[in-house]
$ cat target_14.txt   # compact mmCIF, C-alpha atoms
# COMPACT_ATOMS: atom_id res chain seq x y z
CA MET I 1 43.29 22.71 -56.24
CA HIS I 2 45.58 24.41 -58.70
CA GLY I 3 44.82 27.79 -60.18
CA GLY I 4 45.66 28.97 -63.67
CA SER I 5 49.19 30.09 -64.55
CA ALA I 6 50.80 32.43 -67.03
CA PRO I 7 52.43 30.86 -70.09
CA SER I 8 56.02 29.83 -69.39
CA ALA I 9 59.02 31.22 -71.22
CA THR I 10 59.21 27.96 -73.13
CA ASN I 11 55.59 28.28 -74.15
CA MET I 12 56.21 31.90 -75.24
CA HIS I 13 58.57 30.61 -77.94
CA SER I 14 56.47 27.61 -78.98
CA THR I 15 54.30 27.26 -82.01
CA PRO I 16 50.58 27.68 -81.41
CA THR I 17 50.08 23.91 -81.79
CA GLU I 18 52.90 23.10 -79.39
CA PHE I 19 51.60 25.73 -76.97
CA ALA I 20 48.11 24.21 -77.08
CA ARG I 21 49.51 20.71 -76.57
CA ARG I 22 51.45 21.76 -73.52
CA GLU I 23 48.45 23.64 -72.16
CA ILE I 24 46.38 20.47 -72.53
CA GLU I 25 49.04 18.46 -70.73
CA THR I 26 49.22 21.02 -67.95
CA GLU I 27 45.45 21.02 -67.51
CA ILE I 28 45.31 17.22 -67.49
CA GLU I 29 48.03 17.13 -64.87
CA ARG I 30 46.04 19.57 -62.75
CA VAL I 31 42.97 17.42 -63.11
CA LEU I 32 45.01 14.37 -62.14
CA ARG I 33 46.42 16.02 -59.04
CA ASP I 34 43.14 17.56 -57.97
CA THR I 35 41.18 14.34 -58.37
CA GLU I 36 43.87 12.37 -56.59
CA SER I 37 43.82 14.85 -53.72
CA SER I 38 40.02 14.71 -53.51
CA THR I 39 39.97 10.92 -53.76
CA LEU I 40 42.55 10.58 -51.02
CA SER I 41 40.51 12.89 -48.83
CA LEU I 42 37.32 10.94 -49.55
CA GLY I 43 39.13 7.66 -48.91
CA GLU I 44 40.43 8.95 -45.60
CA ASP I 45 36.95 10.08 -44.55
CA LEU I 46 35.48 6.78 -45.63
CA GLY I 47 38.02 4.93 -43.54
CA LEU I 48 37.28 7.19 -40.59
CA ILE I 49 33.53 6.54 -40.90
CA LEU I 50 34.17 2.80 -40.94
CA ARG I 51 36.54 2.90 -37.96
CA GLU I 52 34.15 5.07 -35.94
CA SER I 53 31.21 2.82 -36.81
CA ARG I 54 33.13 -0.27 -35.74
CA ALA I 55 34.32 1.44 -32.55
CA PHE I 56 30.76 2.50 -31.73
CA THR I 57 29.41 -1.01 -32.31
CA ASP I 58 32.19 -2.48 -30.17
CA GLN I 59 31.45 0.05 -27.44
CA ILE I 60 27.77 -0.91 -27.44
CA LYS I 61 28.69 -4.58 -27.24
CA HIS I 62 31.01 -4.01 -24.31
CA SER I 63 28.68 -1.72 -22.33
CA ILE I 64 25.03 -2.47 -23.06
CA GLY I 65 25.92 -5.98 -24.18
CA ALA I 66 27.43 -6.75 -20.79
CA LEU I 67 24.27 -5.57 -19.02
CA GLY I 68 21.96 -7.63 -21.19
CA GLY I 69 24.17 -10.66 -21.63
CA GLU I 70 24.72 -13.66 -19.41
CA GLY I 71 27.85 -12.56 -17.58
CA ASP I 72 28.26 -11.56 -13.92
CA LYS I 73 27.52 -7.91 -14.76
CA SER I 74 24.26 -8.59 -16.57
CA VAL I 75 21.07 -7.12 -15.15
CA ALA I 76 19.45 -10.54 -15.03
CA VAL I 77 22.25 -12.12 -13.02
CA VAL I 78 22.52 -9.19 -10.58
CA LEU I 79 18.76 -9.03 -9.96
CA GLU I 80 18.44 -12.80 -9.63
CA SER I 81 21.25 -12.76 -7.09
CA GLN I 82 19.45 -10.04 -5.16
CA ASN I 83 16.19 -12.00 -5.35
CA ARG I 84 17.88 -15.10 -3.97
CA THR I 85 19.36 -13.10 -1.08
CA VAL I 86 16.00 -11.57 -0.14
CA ALA I 87 14.22 -14.93 -0.50
CA GLU I 88 16.77 -16.59 1.79
CA PHE I 89 16.39 -13.78 4.33
CA LEU I 90 12.59 -14.16 4.24
CA GLN I 91 12.90 -17.88 4.83
CA VAL I 92 15.14 -17.32 7.88
CA LEU I 93 12.79 -14.60 9.17
CA ARG I 94 9.72 -16.85 8.86
CA LYS I 95 11.49 -19.67 10.69
CA THR I 96 12.65 -17.33 13.48
CA VAL I 97 9.17 -15.82 13.90
CA ALA I 98 7.61 -19.28 14.09
CA THR I 99 10.17 -20.33 16.73
CA GLN I 100 9.57 -17.17 18.80
CA SER I 101 5.81 -17.65 18.53
CA ALA I 102 6.13 -21.21 19.87
CA ILE I 103 8.37 -20.05 22.72
CA ALA I 104 5.89 -17.28 23.68
CA GLU I 105 3.06 -19.83 23.68
CA ARG I 106 5.04 -22.16 25.93
CA VAL I 107 5.95 -19.33 28.31
CA LEU I 108 2.30 -18.26 28.49
CA GLU I 109 1.22 -21.82 29.24
CA THR I 110 3.91 -22.13 31.90
CA SER I 111 2.70 -18.89 33.46
CA ARG I 112 -0.87 -20.28 33.67
CA ILE I 113 0.45 -23.46 35.32
CA VAL I 114 2.39 -21.37 37.82
CA ALA I 115 -0.78 -19.38 38.63
CA GLN I 116 -2.73 -22.59 39.12
CA ALA I 117 0.04 -24.00 41.33
CA ALA I 118 -0.01 -20.78 43.36
CA GLN I 119 -3.75 -21.25 43.98
CA SER I 120 -3.06 -24.79 45.24
CA VAL I 121 -0.30 -23.51 47.50
CA ALA I 122 -2.66 -20.79 48.88
CA SER I 123 -5.19 -23.48 49.79
CA ILE I 124 -2.52 -25.58 51.50
CA SER I 125 -1.22 -22.48 53.33
CA MET I 126 -4.74 -21.70 54.58
CA GLN I 127 -5.16 -25.28 55.85
CA SER I 128 -1.75 -25.06 57.57
CA ARG I 129 -2.79 -21.85 59.37
CA MET I 130 -6.06 -23.45 60.51
CA LEU I 131 -4.13 -26.50 61.71
CA SER I 132 -1.61 -24.34 63.62
CA LEU I 133 -4.47 -22.34 65.25
CA ASN I 134 -6.22 -25.50 66.39
CA THR I 135 -2.91 -26.84 67.71
CA MET I 136 -2.32 -23.59 69.64
CA ILE I 137 -5.83 -23.86 71.21
CA GLU I 138 -5.12 -27.42 72.26
CA ALA I 139 -1.67 -26.45 73.63
CA GLU I 140 -3.26 -23.61 75.64
CA ARG I 141 -5.70 -25.99 77.09
CA LEU I 142 -2.89 -28.39 78.23
CA GLY I 143 -1.14 -25.63 80.20
CA SER I 144 2.52 -26.05 80.97
CA GLN I 145 2.58 -29.46 79.31
CA GLY I 146 1.43 -27.96 76.09
CA ARG I 147 4.14 -25.29 75.89
CA PRO I 148 6.46 -27.20 73.52
CA VAL I 149 3.45 -27.89 71.26
CA MET I 150 2.54 -24.19 71.49
CA VAL I 151 6.02 -23.23 70.19
CA ILE I 152 5.75 -25.64 67.25
CA ALA I 153 2.23 -24.40 66.45
CA GLN I 154 3.45 -20.79 66.45
CA GLU I 155 6.33 -21.70 64.13
CA MET I 156 3.87 -23.50 61.86
CA ARG I 157 1.61 -20.42 61.73
CA GLU I 158 4.56 -18.15 60.98
CA LEU I 159 5.74 -20.51 58.24
CA SER I 160 2.29 -20.74 56.67
CA GLU I 161 1.99 -16.92 56.74
CA ASN I 162 5.36 -16.62 55.00
CA ILE I 163 4.29 -19.18 52.41
CA ALA I 164 1.04 -17.28 51.90
CA GLY I 165 2.99 -14.02 51.44
CA SER I 166 5.36 -15.56 48.90
CA ASN I 167 2.46 -17.23 47.15
CA GLN I 168 0.65 -13.92 46.84
CA GLU I 169 3.76 -12.42 45.24
CA ILE I 170 4.00 -15.36 42.81
CA THR I 171 0.33 -15.01 41.96
CA ARG I 172 0.70 -11.26 41.46
CA LEU I 173 3.70 -11.78 39.12
CA ALA I 174 1.92 -14.54 37.19
CA VAL I 175 -1.13 -12.34 36.76
CA ALA I 176 1.04 -9.40 35.69
CA LEU I 177 3.04 -11.59 33.29
CA THR I 178 0.02 -12.94 31.47
CA PRO I 179 -1.03 -9.74 29.62
CA LEU I 180 2.66 -9.04 28.78
CA LEU I 181 3.05 -12.49 27.30
CA ASP I 182 -0.27 -12.08 25.46
CA ASN I 183 1.11 -8.83 24.04
CA VAL I 184 4.35 -10.54 22.99
CA LYS I 185 2.36 -13.30 21.34
CA ARG I 186 0.16 -10.78 19.50
CA ASN I 187 3.25 -8.88 18.30
CA ILE I 188 4.88 -12.04 17.06
CA GLY I 189 1.63 -12.94 15.29
CA SER I 190 1.55 -9.49 13.74
CA LEU I 191 5.17 -9.85 12.66
CA ASN I 192 4.30 -13.19 11.14
CA GLU I 193 1.43 -11.64 9.17
CA ARG I 194 3.64 -8.74 8.01
CA THR I 195 6.31 -11.21 6.96
CA ASP I 196 3.73 -13.15 4.94
CA GLU I 197 2.46 -9.93 3.34
CA PHE I 198 6.01 -8.88 2.51
CA GLY I 199 6.72 -12.32 1.08
CA GLN I 200 3.66 -12.12 -1.16
CA ARG I 201 4.57 -8.59 -2.30
CA PHE I 202 8.15 -9.69 -2.85
CA ASP I 203 6.98 -12.62 -4.99
CA THR I 204 4.83 -10.25 -7.05
CA GLU I 205 7.67 -7.72 -7.41
CA ARG I 206 10.11 -10.49 -8.28
CA GLU I 207 7.87 -11.56 -11.15
CA ARG I 208 7.67 -7.95 -12.34
CA ILE I 209 11.46 -7.62 -12.09
CA ARG I 210 11.91 -10.86 -14.04
CA GLN I 211 9.56 -9.56 -16.72
CA ALA I 212 11.42 -6.23 -16.81
CA THR I 213 14.74 -8.08 -17.00
CA THR I 214 13.46 -10.15 -19.89
CA ASN I 215 12.38 -6.93 -21.61
CA VAL I 216 15.85 -5.42 -21.03
CA GLU I 217 17.53 -8.54 -22.43
CA THR I 218 15.27 -8.48 -25.47
CA ALA I 219 15.93 -4.76 -26.00
CA VAL I 220 19.69 -5.29 -25.68
CA ARG I 221 19.63 -8.22 -28.11
CA ASP I 222 17.56 -6.15 -30.56
CA THR I 223 19.92 -3.20 -30.17
CA LEU I 224 23.00 -5.35 -30.72
CA ARG I 225 21.43 -7.06 -33.71
CA ALA I 226 20.39 -3.70 -35.15
CA GLY I 227 23.93 -2.40 -34.53
CA ASP I 228 25.44 -5.36 -36.37
CA GLU I 229 22.98 -4.93 -39.22
CA ARG I 230 23.68 -1.21 -39.48
CA LEU I 231 27.43 -1.84 -39.36
CA ALA I 232 27.12 -4.48 -42.07
CA SER I 233 25.16 -1.99 -44.13
CA ILE I 234 27.80 0.70 -43.58
CA VAL I 235 30.57 -1.75 -44.52
CA GLU I 236 28.69 -2.77 -47.65
CA VAL I 237 28.09 0.83 -48.71
CA SER I 238 31.68 1.81 -47.91
CA ASN I 239 32.97 -1.14 -49.92
CA ARG I 240 30.88 0.01 -52.86
CA SER I 241 32.20 3.54 -52.36
CA LEU I 242 35.74 2.15 -52.19
CA ILE I 243 35.21 0.45 -55.54
CA SER I 244 33.89 3.71 -56.97
CA LEU I 245 36.90 5.61 -55.64
CA GLN I 246 39.22 3.18 -57.37
CA SER I 247 37.90 4.47 -60.67
CA GLN I 248 40.02 7.57 -59.99
CA ASP I 249 43.13 5.43 -60.37
CA ILE I 250 41.82 3.90 -63.58
CA VAL I 251 40.85 7.31 -64.95
CA SER I 252 44.30 8.63 -64.01
CA GLN I 253 45.98 5.85 -65.95
CA ARG I 254 43.82 6.63 -68.96
CA LEU I 255 44.61 10.35 -68.74
CA ARG I 256 48.31 9.58 -68.53
CA ARG I 257 47.79 7.46 -71.58
CA VAL I 258 46.26 10.51 -73.29
CA ILE I 259 49.29 12.63 -72.35
CA SER I 260 51.57 9.90 -73.63
CA LEU I 261 49.67 9.68 -76.90
CA ASN I 262 49.68 13.45 -77.18
CA ALA I 263 53.44 13.61 -76.59
CA GLY I 264 54.00 10.76 -79.05
CA ALA I 265 51.89 12.48 -81.68
CA ALA I 266 53.83 15.72 -81.22
CA THR I 267 57.16 14.00 -81.79
CA GLY I 268 55.79 11.85 -84.59
CA GLY I 269 56.55 8.67 -82.61
CA GLN I 270 54.64 6.10 -80.66
CA ALA I 271 53.00 6.57 -77.33
CA ARG I 272 55.42 6.14 -74.46
CA GLY I 273 53.39 5.01 -71.54
CA PRO I 274 52.84 4.10 -68.91
CA ILE I 275 53.95 7.10 -67.04
CA GLY I 276 54.00 6.55 -63.35
CA SER I 277 52.31 8.69 -60.75
CA GLN I 278 54.64 11.26 -59.42
CA PRO I 279 54.40 13.26 -56.25
CA CYS I 280 52.77 16.65 -56.72
CA ASP I 281 56.14 18.31 -56.24
CA GLY I 282 57.91 15.92 -58.67
CA PRO I 283 58.52 16.38 -62.36
CA SER I 284 55.48 16.75 -64.58
CA VAL I 285 54.46 13.99 -66.93
CA ALA I 286 55.45 16.15 -69.88
CA GLU I 287 58.86 16.72 -68.30
CA GLN I 288 59.31 12.99 -67.75
CA ILE I 289 58.56 12.36 -71.38
CA ALA I 290 60.84 15.19 -72.49
CA ARG I 291 63.68 13.77 -70.38
CA GLY I 292 62.99 10.24 -71.56
CA GLU I 293 62.34 9.08 -67.97
CA ALA I 294 59.02 7.51 -68.71
CA THR I 295 59.34 3.75 -68.68
CA ASP I 296 58.21 1.38 -71.35
CA GLY I 297 54.61 1.55 -72.42
CA PHE I 298 51.57 -0.12 -70.95
CA LEU I 299 52.33 -3.79 -70.86
CA SER I 300 49.12 -4.42 -72.72
CA ASP I 301 49.98 -1.92 -75.49
CA SER I 302 51.55 -4.55 -77.62
CA LEU I 303 48.75 -7.06 -76.93
CA SER I 304 45.55 -7.51 -78.82
CA PRO I 305 42.50 -6.18 -76.94
CA GLU I 306 40.76 -9.46 -77.73
CA SER I 307 43.25 -11.32 -75.52
CA ALA I 308 41.81 -9.80 -72.36
CA THR I 309 40.45 -12.66 -70.26
CA LEU I 310 39.51 -10.93 -67.02
CA ASP I 311 37.12 -8.03 -66.55
CA SER I 312 37.01 -5.38 -63.89
CA GLY I 313 36.59 -6.75 -60.37
CA GLU I 314 37.33 -10.34 -61.40
CA MET I 315 39.88 -12.46 -59.63
CA MET I 316 41.88 -15.50 -60.67
CA MET I 317 43.82 -17.70 -58.28
CA PHE I 318 46.61 -19.89 -59.55
CA MET L 1 50.15 -9.97 -37.40
CA ALA L 2 51.28 -10.89 -40.92
CA LYS L 3 53.09 -8.27 -42.97
CA VAL L 4 51.77 -7.28 -46.38
CA LEU L 5 53.63 -5.03 -48.84
CA ILE L 6 51.56 -2.97 -51.26
CA VAL L 7 53.42 -1.95 -54.40
CA ASP L 8 51.43 0.57 -56.42
CA ASP L 9 52.29 3.94 -57.93
CA SER L 10 48.80 5.27 -57.15
CA ALA L 11 48.50 6.92 -53.75
CA THR L 12 44.74 6.36 -53.95
CA MET L 13 45.13 2.62 -54.43
CA ARG L 14 47.74 2.38 -51.68
CA GLN L 15 45.44 4.22 -49.30
CA GLN L 16 42.45 2.01 -50.05
CA LEU L 17 44.47 -1.19 -49.86
CA ARG L 18 46.01 -0.04 -46.60
CA GLN L 19 42.59 0.64 -45.08
CA VAL L 20 41.18 -2.70 -46.16
CA LEU L 21 44.20 -4.70 -45.00
CA THR L 22 44.60 -2.81 -41.73
CA THR L 23 40.96 -3.49 -40.93
CA GLY L 24 41.70 -7.15 -41.67
CA GLY L 25 44.43 -7.13 -39.05
CA PHE L 26 47.49 -6.97 -41.27
CA ASP L 27 50.68 -4.98 -40.78
CA VAL L 28 50.88 -2.97 -44.00
CA LEU L 29 53.98 -1.62 -45.76
CA GLU L 30 53.95 0.45 -48.94
CA ALA L 31 56.16 0.96 -51.97
CA VAL L 32 55.58 3.42 -54.82
CA ASP L 33 56.95 1.34 -57.69
CA GLY L 34 58.61 -1.96 -58.52
CA GLN L 35 62.12 -0.83 -57.69
CA ASP L 36 61.02 0.58 -54.35
CA GLY L 37 59.13 -2.64 -53.70
CA LEU L 38 62.17 -4.80 -54.44
CA GLU L 39 64.32 -2.74 -52.07
CA LYS L 40 61.73 -2.95 -49.29
CA LEU L 41 61.33 -6.70 -49.74
CA ASN L 42 65.11 -7.15 -49.65
CA ALA L 43 65.20 -5.16 -46.42
CA ASP L 44 62.34 -7.01 -44.72
CA LYS L 45 62.25 -10.79 -44.85
CA ASP L 46 59.09 -11.01 -42.73
CA VAL L 47 56.72 -9.88 -45.47
CA ARG L 48 54.33 -12.79 -46.17
CA VAL L 49 52.25 -11.34 -48.99
CA THR L 50 52.90 -8.64 -51.57
CA ILE L 51 50.29 -7.06 -53.80
CA LEU L 52 51.73 -5.74 -57.04
CA ASP L 53 50.33 -3.30 -59.54
CA VAL L 54 51.46 -4.05 -63.09
CA ASN L 55 51.97 -0.71 -64.83
CA MET L 56 54.43 1.28 -62.72
CA PRO L 57 57.42 3.51 -63.44
CA ARG L 58 61.03 2.29 -63.09
CA MET L 59 60.04 -1.39 -62.65
CA ASN L 60 56.62 -2.85 -63.44
CA GLY L 61 54.89 -5.45 -61.31
CA ILE L 62 55.65 -8.41 -63.53
CA GLU L 63 59.32 -7.51 -63.65
CA LEU L 64 59.28 -7.31 -59.86
CA ALA L 65 57.62 -10.74 -59.63
CA GLU L 66 60.26 -12.13 -61.98
CA ALA L 67 63.02 -10.54 -59.90
CA LEU L 68 61.55 -12.10 -56.73
CA LYS L 69 61.44 -15.46 -58.47
CA ALA L 70 65.04 -15.03 -59.57
CA ASN L 71 66.33 -14.09 -56.12
CA GLY L 72 64.53 -17.04 -54.51
CA ARG L 73 62.16 -14.96 -52.42
CA ILE L 74 59.01 -16.48 -53.90
CA ASP L 75 60.36 -19.99 -53.46
CA ALA L 76 61.15 -19.03 -49.84
CA GLY L 77 57.44 -18.48 -49.21
CA LEU L 78 56.57 -14.96 -50.32
CA ASN L 79 53.08 -14.91 -51.81
CA VAL L 80 52.62 -12.57 -54.78
CA MET L 81 49.26 -11.24 -55.90
CA MET L 82 48.84 -9.02 -58.93
CA LEU L 83 46.32 -6.15 -58.73
CA THR L 84 45.95 -4.21 -61.96
CA THR L 85 43.62 -2.79 -64.57
CA GLU L 86 45.15 -5.24 -67.05
CA GLY L 87 43.40 -8.49 -67.83
CA HIS L 88 45.32 -9.92 -70.77
CA ALA L 89 45.98 -13.62 -70.80
CA GLU L 90 49.61 -13.17 -71.89
CA LEU L 91 50.38 -10.97 -68.89
CA ILE L 92 48.53 -13.29 -66.53
CA ALA L 93 50.52 -16.23 -67.88
CA ARG L 94 53.76 -14.33 -67.43
CA ALA L 95 52.93 -13.50 -63.82
CA LYS L 96 51.90 -17.08 -63.15
CA ALA L 97 55.17 -18.31 -64.60
CA ALA L 98 57.01 -15.94 -62.26
CA GLY L 99 55.25 -17.54 -59.32
CA ALA L 100 52.37 -15.16 -58.65
CA LYS L 101 49.48 -16.81 -56.77
CA GLY L 102 46.62 -14.67 -58.03
CA TRP L 103 45.49 -11.94 -60.41
CA ILE L 104 42.85 -9.37 -59.51
CA VAL L 105 41.51 -6.78 -61.94
CA LYS L 106 40.81 -3.32 -60.55
CA PRO L 107 38.56 -2.10 -59.14
CA PHE L 108 38.89 -4.77 -56.49
CA LYS L 109 36.13 -5.89 -54.13
CA PRO L 110 37.47 -5.35 -50.60
CA GLU L 111 35.98 -8.52 -49.12
CA LEU L 112 37.37 -10.70 -51.93
CA LEU L 113 40.82 -9.19 -51.76
CA LEU L 114 40.90 -9.54 -47.99
CA ALA L 115 39.82 -13.17 -48.20
CA ALA L 116 42.56 -13.89 -50.73
CA VAL L 117 45.26 -12.19 -48.66
CA LYS L 118 44.13 -14.03 -45.53
CA LYS L 119 44.36 -17.31 -47.37
CA PHE L 120 47.91 -16.62 -48.52
CA ALA L 121 49.03 -15.15 -45.20
CA ALA L 122 47.80 -18.16 -43.22
$ encode --input "target_14.txt" --output "C-alpha cells"
Amino acid sequence: MHGGSAPSATNMHSTPTEFARREIETEIERVLRDTESSTLSLGEDLGLILRESRAFTDQIKHSIGALGGEGDKSVAVVLESQNRTVAEFLQVLRKTVATQSAIAERVLETSRIVAQAAQSVASISMQSRMLSLNTMIEAERLGSQGRPVMVIAQEMRELSENIAGSNQEITRLAVALTPLLDNVKRNIGSLNERTDEFGQRFDTERERIRQATTNVETAVRDTLRAGDERLASIVEVSNRSLISLQSQDIVSQRLRRVISLNAGAATGGQARGPIGSQPCDGPSVAEQIARGEATDGFLSDSLSPESATLDSGEMMMF
Amino acid sequence: MAKVLIVDDSATMRQQLRQVLTTGGFDVLEAVDGQDGLEKLNADKDVRVTILDVNMPRMNGIELAEALKANGRIDAGLNVMMLTTEGHAELIARAKAAGAKGWIVKPFKPELLLAAVKKFAA
C-alpha cells in the first residue's frame, strides 16, 4: 500500500485545478497499484489452494487408493492371498493327520496279530516241552540204547524253553505297545478334531475378513469419490474466483481511461489511451502522457459502441 | 509439453493465465507488451500458441498478430488467440484477417480457454 505524500515542487507552482487533477491522477495510480498488488497476492493464494488440493487428492489416490483398489498392494488381494495360504496349509494338515491315523490303526492291528501269534507260539512251545519230557522218560527207560535219544530230547527241551522265553518277551512288548499305540491314535484323533475346529473357525473368520475387506473397499471408493467431488467443487469455486479477479484488470483499464480523459481534458485535446501497465517503479501514467509515451488510444475508441458483437466471457473461434 | 506465450500488459492477467495453462500441462512464457512478445517469439521458434491482449503499450495485440502474419510465423504454424476486453466486430475481423484463430472476451472462463489452447496446441 502507498501512503500519502507531500505536494511536489511542480504541484506547488500549479494552479489549483491543475493541482487537483494531478492529485486525482496520483490517487488513481495508487489505487491501481494497490489493487494490482492485492489481486496478484489473491491470485497466488488461489493457485496455491488449487495446487495443494490437487496434491492432496493425488496423495489419497496413491496411498489409500492403492489399499482399496485391485492392485497387488490392495487389502483385498493381500488378505485373499493369506487366506489361500492358510487354506492350503489346512488341506495338507488334514491329509497328513488322516494318513497318520490310518498308519496308527494299522500298527495297532499288527500289534494285536503279533500278540495272538505269540499265544500260538506259547502253546506250541508248551507241547514241545511235554514232548521232550516224554521222550526223555522213554530214553531213560531204554538205558544205554536210549542215550542218543536222551541228548536230542534235552536239546528239544532247551530249545522249547528258549522259544518260550523269547515268546514271553514278544508278548510283553506287544502288551506294552498296545496302550502306547492307543494313546498315539487318540492324540491323532484329537489333532484331527482340533484341525476341524480350526478349519471351521478359519472359515468363519475368513468370511468376516471378506466382509471387512468389502467395507474397506467401499470406504476407500467413497473417500476417493468424495475427494474428486470436493476437488471439482474447489476447482469450480476457484475458477469463479479467477473470473472475479480478472475484473481488476478491466477496472484498471477503465481507470487508466479516466486518467487519459483527465489528461486530455486538461490539455484541451482528446483522450490518449490506452496507457499500458507499468511496473510500480516505472514512470507514472501522468508522466507517460506528459512525455508523449502513451501509445495510440483504445482500439475501440474510434468504433461505435453498437458494433460490439461479443460480451464478457464469450469466445469466438475462426 | 507445448509452449504457450502470454502477451498481456496486466501482471494480474499474466498470473492467472500462467496458473491455468500450467495446470493444463503447458510450458508458459510471458511478455509484457506486443513488442516484447514479438522479440520473444522471434527468439523462440518452439512456441505453438500465443495469447494476445489487444490494448497494450508500444505495440497492441492486433499489430503483433499482423507482424506475425507478415513475417510468416503464423503461416509456419503459430496459433494466435486474442484475449481482450474488446468485442467490436471491426477489431475481430482485423485479427481474423491477420490469421488469429480465436477471440475471447475477458473475463475468460478458465476451462474454456484451456480447452481452446489444447485444441490449437494439439
$ residues_around --input "target_14.txt" --residues "range 120-122 of chain L" --least-positions-apart "4" --cutoff "10 Å" --atoms "all atoms listed in the file" --output "list of chain:residue names"
L:Met1, L:Ala2, L:Lys3, L:Val4, L:Phe26, L:Val47, L:Arg48, L:Val49, L:Thr50, L:Gly77, L:Leu78, L:Asn79, L:Val80, L:Met81, L:Lys101, L:Gly102, L:Leu114, L:Ala115, L:Ala116
$ interface_residues --input "target_14.txt" --of "chain L" --to "chain I" --cutoff "9 Å" --atoms "all atoms listed in the file" --output "MDAnalysis selection string"
chainID L and resid 9:13 15:16 19:20 23 32:33 54:60 81 85:92 96 99:113 116
$ atom_distance --input "target_14.txt" --atom1 "CA of Asp27 in chain L" --atom2 "CA of Asp53 in chain L"
18.8 Å
$ residues_around --input "target_14.txt" --residues "range 72-88 of chain I" --least-positions-apart "6" --cutoff "9 Å" --atoms "all atoms listed in the file" --output "ChimeraX atom specification"
/I:64-66,199,202-203,206,209-210,213-214,216-217
$ atom_distance --input "target_14.txt" --atom1 "CA of Thr96 in chain I" --atom2 "CA of Leu173 in chain I"
27.7 Å
